[in-house]
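J.: Next up is a structure, given as structure tokens.
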Amino acid sequence: MQTPVEIDFQGMDAAADTRAAIAKHVDELEQRCGRITAGRVVLKAPGGRHRTGGLYEIAIRLALPDGREVNIGRTPQNDERYSDLNFALNDAFKRARRQLQDMVRRMQGEVKQHDGPPIGTVSELDPLGEFGFIETSDGREIYFHRNSVLNGDFRELTVGARVTFAEEVGEKGPQASTVKLMAKHGLKT
């Protein structure tokens, strides 16, 4: 990295072990892709806010050559696992790694072209029913909003359901602009 990573502790003490964990995560990202030019990590302690009360909020910004960036800032609502700082850090850096890998592939022109719509598996659904994630055949995670699900089938989706989707690059990384639940084979209606 050309400049040292900035770490901003908000509402909490700057613990040495947390700094060390962040440094380790950043080193791992640099080993996978040495093209990171700058980085900033913001850790916000649990607060009393209605939507994220009791949960750590982690934001990661990585600068890449040619003005490109990877930004992670989503804290899942109602996910009690985010009340544990280590889990929150590991999950945020896992998402940063996936976005960074996608960005590097695009920069190197290695994005695969598919003959038909890609097929994936629903890997996570928001408990409030607003969004979910699809795991692709190559192990990436793609965000989708309930409005992207065709035929109003969002309520029919379950974790593990097979779907086809159209991928696009959103403000915060890859996302599915359309999601279609695949027919359940062997069932007659």
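Residues are named by chain letter and number: chains run A, B, ... in the order of the structure tokens, numbers start at 1 in each chain, and ligands are numbered from 1 in the order shown.
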List the spatial neighbours of segment 114-130 of chain A as a PyMOL selection string - criterion: any atom at most 10 Å away, only C-alpha atoms, same-chain residues fewer than 3 positions off excluded.
T.: chain A and resi 76-79+111+133-147+154-155+157-167+179-182
J.: Using only N, CA and C atoms, please write the residues we just selected to a file, as a short mmCIF file (atom, residue, chain, number, x, y, z; two decimals), in the first residue's frame.
T.:
```cif
data_model
loop_
_atom_site.label_atom_id
_atom_site.label_comp_id
_atom_site.auth_asym_id
_atom_site.auth_seq_id
_atom_site.Cartn_x
_atom_site.Cartn_y
_atom_site.Cartn_z
N PRO A 76 -25.60 -5.50 8.27
CA PRO A 76 -26.90 -6.16 8.21
C PRO A 76 -27.78 -5.81 9.41
N GLN A 77 -29.01 -5.49 9.13
CA GLN A 77 -29.95 -5.17 10.21
C GLN A 77 -30.37 -6.47 10.88
N ASN A 78 -30.60 -6.41 12.16
CA ASN A 78 -31.10 -7.54 12.94
C ASN A 78 -30.20 -8.78 12.86
N ASP A 79 -28.93 -8.62 12.61
CA ASP A 79 -28.00 -9.73 12.60
C ASP A 79 -27.17 -9.64 13.88
N VAL A 111 -13.39 -11.02 -16.99
CA VAL A 111 -14.78 -11.29 -16.68
C VAL A 111 -15.32 -12.26 -17.73
N PHE A 133 -28.93 -12.32 -0.94
CA PHE A 133 -27.68 -12.53 -1.65
C PHE A 133 -27.74 -13.85 -2.39
N ILE A 134 -27.11 -13.86 -3.56
CA ILE A 134 -27.02 -15.05 -4.39
C ILE A 134 -25.57 -15.47 -4.43
N GLU A 135 -25.31 -16.77 -4.23
CA GLU A 135 -23.95 -17.29 -4.42
C GLU A 135 -23.85 -17.80 -5.84
N THR A 136 -22.86 -17.32 -6.58
CA THR A 136 -22.68 -17.71 -7.97
C THR A 136 -21.92 -19.02 -8.05
N SER A 137 -21.86 -19.59 -9.25
CA SER A 137 -21.16 -20.86 -9.44
C SER A 137 -19.66 -20.73 -9.18
N ASP A 138 -19.12 -19.51 -9.31
CA ASP A 138 -17.69 -19.32 -9.04
C ASP A 138 -17.43 -18.80 -7.63
N GLY A 139 -18.45 -18.87 -6.74
CA GLY A 139 -18.25 -18.55 -5.33
C GLY A 139 -18.41 -17.10 -4.94
N ARG A 140 -18.78 -16.23 -5.89
CA ARG A 140 -18.98 -14.82 -5.55
C ARG A 140 -20.35 -14.64 -4.93
N GLU A 141 -20.54 -13.50 -4.25
CA GLU A 141 -21.82 -13.19 -3.64
C GLU A 141 -22.39 -11.94 -4.31
N ILE A 142 -23.64 -12.05 -4.77
CA ILE A 142 -24.30 -10.97 -5.50
C ILE A 142 -25.51 -10.51 -4.70
N TYR A 143 -25.61 -9.21 -4.46
CA TYR A 143 -26.74 -8.61 -3.75
C TYR A 143 -27.94 -8.50 -4.69
N PHE A 144 -29.15 -8.66 -4.13
CA PHE A 144 -30.35 -8.34 -4.89
C PHE A 144 -31.41 -7.75 -3.96
N HIS A 145 -32.24 -6.88 -4.49
CA HIS A 145 -33.33 -6.25 -3.75
C HIS A 145 -34.62 -6.98 -4.10
N ARG A 146 -35.58 -6.95 -3.22
CA ARG A 146 -36.85 -7.64 -3.44
C ARG A 146 -37.53 -7.18 -4.74
N ASN A 147 -37.34 -5.92 -5.13
CA ASN A 147 -37.95 -5.41 -6.35
C ASN A 147 -37.31 -6.00 -7.61
N PHE A 154 -40.57 -12.89 -4.43
CA PHE A 154 -39.61 -12.76 -3.32
C PHE A 154 -40.04 -13.62 -2.13
N ARG A 155 -41.33 -13.64 -1.83
CA ARG A 155 -41.82 -14.42 -0.68
C ARG A 155 -41.65 -15.92 -0.89
N LEU A 157 -38.94 -17.25 -2.22
CA LEU A 157 -37.52 -17.59 -2.13
C LEU A 157 -37.18 -18.15 -0.75
N THR A 158 -36.29 -19.12 -0.75
CA THR A 158 -35.74 -19.67 0.48
C THR A 158 -34.24 -19.80 0.30
N VAL A 159 -33.51 -19.86 1.40
CA VAL A 159 -32.07 -20.11 1.31
C VAL A 159 -31.89 -21.47 0.66
N GLY A 160 -31.05 -21.54 -0.35
CA GLY A 160 -30.82 -22.77 -1.09
C GLY A 160 -31.59 -22.85 -2.40
N ALA A 161 -32.54 -21.94 -2.62
CA ALA A 161 -33.32 -21.94 -3.86
C ALA A 161 -32.41 -21.59 -5.04
N ARG A 162 -32.64 -22.23 -6.17
CA ARG A 162 -31.87 -21.96 -7.39
C ARG A 162 -32.59 -20.86 -8.17
N VAL A 163 -31.80 -19.89 -8.67
CA VAL A 163 -32.35 -18.76 -9.40
C VAL A 163 -31.47 -18.45 -10.60
N THR A 164 -32.06 -17.81 -11.60
CA THR A 164 -31.28 -17.19 -12.66
C THR A 164 -31.29 -15.70 -12.36
N PHE A 165 -30.25 -15.01 -12.86
CA PHE A 165 -30.17 -13.58 -12.55
C PHE A 165 -29.38 -12.86 -13.63
N ALA A 166 -29.57 -11.55 -13.68
CA ALA A 166 -28.79 -10.68 -14.56
C ALA A 166 -27.93 -9.82 -13.66
N GLU A 167 -26.62 -9.90 -13.85
CA GLU A 167 -25.68 -9.18 -12.99
C GLU A 167 -25.32 -7.83 -13.60
N VAL A 179 -33.95 -11.19 -10.89
CA VAL A 179 -33.79 -12.51 -10.29
C VAL A 179 -35.05 -13.29 -10.60
N LYS A 180 -34.88 -14.52 -11.10
CA LYS A 180 -36.03 -15.36 -11.42
C LYS A 180 -35.88 -16.70 -10.73
N LEU A 181 -36.88 -17.08 -9.96
CA LEU A 181 -36.89 -18.36 -9.28
C LEU A 181 -37.03 -19.45 -10.32
N MET A 182 -36.15 -20.44 -10.25
CA MET A 182 -36.22 -21.54 -11.22
C MET A 182 -37.35 -22.47 -10.82
#
```
J.: DSSP on the backbone, then: every residue of chain A marked strand (DSSP E or B), written as JSON, numbers by chain.
T.: {"A": [6, 7, 8, 9, 10, 38, 39, 40, 41, 42, 43, 44, 57, 58, 59, 60, 61, 62, 63, 69, 70, 71, 72, 119, 120, 121, 122, 123, 124, 125, 131, 132, 133, 134, 135, 136, 141, 142, 143, 144, 145, 149, 162, 163, 164, 165, 166, 167, 168, 169, 170, 173, 174, 175, 176, 177, 178, 179, 180, 181]}
J.: I'd like the neighbourhood of segment 13-15 of chain A as a PyMOL selection string, where a residue qualifies if any of its atoms comes within 12 Å (using only C-alpha atoms), though same-chain residues fewer than 3 positions away should be ignored.
T.: chain A and resi 7-10+18-22+42-45+85
J.: Name the closest residue to Gly73 of chain A among the candidates A:Ala23, A:Val149, A:Ala183, A:Ile60; distances are taken between atoms, counting only C-alpha atoms.
T.: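 Residue with the minimum atom-to-atom distance to Gly73 of chain A: A:Ile60.
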J.: In Å, rounded to a single decimal, give me how far atom CA of Tyr82 of chain A is from atom CA of Gly54 of chain A.
T.: 8.2 Å
J.: Which is closest to Val104 of chain A among A:Asp27, A:Arg40, A:Glu69, A:Glu80, if we use only C-alpha atoms?
T.: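 Using only C-alpha atoms, Val104 of chain A sits closest to A:Glu69.
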J.: In Å, how far is it from atom CA of Pro4 of chain A to atom CA of Leu55 of chain A?
T.: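 Those two atoms sit 27.0 Å apart.
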J.: So, counting only C-alpha atoms, which residue among A:Leu100, A:Tyr56, A:Thr178, A:Gly170 is closest to Gly152 of chain A?
T.: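 Among A:Leu100, A:Tyr56, A:Thr178, A:Gly170, it is A:Thr178 that comes nearest to Gly152 of chain A.
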J.: Taking only C-alpha atoms into account, which of A:Asn90, A:Gln175, A:Thr37, A:Ser83 comes nearest Gly67 of chain A?
T.: A:Thr37
J.: With a distance cut-off of 6 Å and only C-alpha atoms, select the neighbouring residues of Gly39 of chain A, excluding the residue or stretch itself and same-chain residues fewer than 2 positions from it, and output the selection as an NGL selection string.
T.: :A and (5 or 61-62)
J.: Between atom CA of Leu150 of chain A and atom CA of Asn71 of chain A, what is the distance in Å, rounded to a tenth?
T.: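 So the two atoms, atom CA of Leu150 of chain A and atom CA of Asn71 of chain A, lie 28.0 Å apart.
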J.: Enumerate the residues of segment 80-110 of chain A with a DSSP assignment of alpha helix (DSSP H), computed from the backbone, and present them as a list of chain:residue names.
T.: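 Output for segment 80-110 of chain A, alpha helix (DSSP H) only: A:Leu85, A:Asn86, A:Phe87, A:Ala88, A:Leu89, A:Asn90, A:Asp91, A:Ala92, A:Phe93, A:Lys94, A:Arg95, A:Ala96, A:Arg97, A:Arg98, A:Gln99, A:Leu100, A:Gln101, A:Asp102, A:Met103, A:Val104, A:Arg105, A:Arg106, A:Met107, A:Gln108.
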